[in-house]
Amino acid sequence: MRRLSIVAALCLAAVVVFAPAALAQGQTVTVSMEDNYFDQPNITVEPGTTVTWVQTGQNPHTTTSYDGLWDSGIVEGGSGGTFSFTFEEPGTYGYYCIPHEAQGMSGTVTVAGGAGDSATGGAQGQLAETGGPPLVVLSGTLALALCGFAALVLLRRRRAS
Ligand SMILES: [Cu+2]
């Protein structure tokens with residue numbers, strides 16, 4: 001019986017360790033649109049991350065993809081308005097603010113961590129995690145499976161004795 005509770009504790013520990021990594025996959029990153037700059041102009045995110053731009057300035061701003069992937073349109077100053085875009089594919093995505101591009105109000109979102117990624121050089125990373133989440137999730141799943149198996153074996157032994 002004592003052994004079984006040890007296994008249960010180990011399983012719980014595995015869940016606690018690996019669940020945050022699994023949840024991080026669909027994370028959200030916020031970039032503020034200030035007067036007249038993006039507070040984090042260059043960010044690096046994992047595939048599947050939603051970037052939300054928040055209007056925190058008094059001037060009208062936009063977040064507009066250079067590649068035509070997204071365009072918030074004018075977000076009025078003082079409105080606290082937001083615009084979100086989810087990045088799935090690895091790469092570097094440049095964007096700017098239509099009224100203030102000439103004043104240097106532009107930025108990049110680098111999506112890294114997917115297969116075949118090689119575009120991380122020079123990017124100012126917001127994420128400090130090394131190693132891809134898919135591997136972490138995989139090993140977490142494996143750990144849980146092993147826990148379950150161990151519990152089964154112990155249960156069987158208890159019944160046999
Ligand atoms: Cu602007």
# chains A, B, ... in the order shown; residues from 1 in each chain; ligands from 1

call {"tool": "residues_around", "arguments": {"residues": "A:Phe87", "least_positions_apart": "5", "cutoff": "9 Å", "atoms": "only C-alpha atoms", "output": "list in words"}}
result
Val45, Glu46, Pro47, Gly48, Thr49, Thr50, Val51, Val109 and Val111 of chain A

call {"tool": "closest_atom_pairs", "arguments": {"of": "chain A", "to": "ligand 1", "cutoff": "9 Å", "atoms": "only C-alpha atoms and all ligand atoms", "output": "JSON lines"}}
result
{"residue": "A:Met33", "atom": "CA", "partner": "ligand 1", "partner_atom_place_in_ligand_line": "1 (Cu)", "distance": 6.9}
{"residue": "A:Glu34", "atom": "CA", "partner": "ligand 1", "partner_atom_place_in_ligand_line": "1 (Cu)", "distance": 7.2}
{"residue": "A:Asp35", "atom": "CA", "partner": "ligand 1", "partner_atom_place_in_ligand_line": "1 (Cu)", "distance": 6.4}
{"residue": "A:Asn36", "atom": "CA", "partner": "ligand 1", "partner_atom_place_in_ligand_line": "1 (Cu)", "distance": 5.1}
{"residue": "A:Tyr37", "atom": "CA", "partner": "ligand 1", "partner_atom_place_in_ligand_line": "1 (Cu)", "distance": 6.4}
{"residue": "A:Phe38", "atom": "CA", "partner": "ligand 1", "partner_atom_place_in_ligand_line": "1 (Cu)", "distance": 8.2}
{"residue": "A:Gly57", "atom": "CA", "partner": "ligand 1", "partner_atom_place_in_ligand_line": "1 (Cu)", "distance": 8.5}
{"residue": "A:Asn59", "atom": "CA", "partner": "ligand 1", "partner_atom_place_in_ligand_line": "1 (Cu)", "distance": 6.6}
{"residue": "A:Pro60", "atom": "CA", "partner": "ligand 1", "partner_atom_place_in_ligand_line": "1 (Cu)", "distance": 6.0}
{"residue": "A:His61", "atom": "CA", "partner": "ligand 1", "partner_atom_place_in_ligand_line": "1 (Cu)", "distance": 3.7}
{"residue": "A:Thr62", "atom": "CA", "partner": "ligand 1", "partner_atom_place_in_ligand_line": "1 (Cu)", "distance": 6.0}
{"residue": "A:Thr63", "atom": "CA", "partner": "ligand 1", "partner_atom_place_in_ligand_line": "1 (Cu)", "distance": 8.1}
{"residue": "A:Ile74", "atom": "CA", "partner": "ligand 1", "partner_atom_place_in_ligand_line": "1 (Cu)", "distance": 8.9}
{"residue": "A:Tyr96", "atom": "CA", "partner": "ligand 1", "partner_atom_place_in_ligand_line": "1 (Cu)", "distance": 8.0}
{"residue": "A:Cys97", "atom": "CA", "partner": "ligand 1", "partner_atom_place_in_ligand_line": "1 (Cu)", "distance": 4.7}
{"residue": "A:Ile98", "atom": "CA", "partner": "ligand 1", "partner_atom_place_in_ligand_line": "1 (Cu)", "distance": 6.6}
{"residue": "A:Pro99", "atom": "CA", "partner": "ligand 1", "partner_atom_place_in_ligand_line": "1 (Cu)", "distance": 5.4}
{"residue": "A:His100", "atom": "CA", "partner": "ligand 1", "partner_atom_place_in_ligand_line": "1 (Cu)", "distance": 4.5}
{"residue": "A:Glu101", "atom": "CA", "partner": "ligand 1", "partner_atom_place_in_ligand_line": "1 (Cu)", "distance": 7.2}
{"residue": "A:Gln103", "atom": "CA", "partner": "ligand 1", "partner_atom_place_in_ligand_line": "1 (Cu)", "distance": 8.5}
{"residue": "A:Met105", "atom": "CA", "partner": "ligand 1", "partner_atom_place_in_ligand_line": "1 (Cu)", "distance": 6.1}
{"residue": "A:Ser106", "atom": "CA", "partner": "ligand 1", "partner_atom_place_in_ligand_line": "1 (Cu)", "distance": 8.6}

call {"tool": "atom_distance", "arguments": {"atom1": "atom CA of A:Val54", "atom2": "atom CA of A:Ser32"}}
result
4.8 Å

call {"tool": "atom_distance", "arguments": {"atom1": "atom CA of A:Gln27", "atom2": "atom CA of A:Ser65"}}
result
20.6 Å

call {"tool": "atom_distance", "arguments": {"atom1": "atom CA of A:Ile43", "atom2": "atom CA of A:Glu76"}}
result
23.8 Å
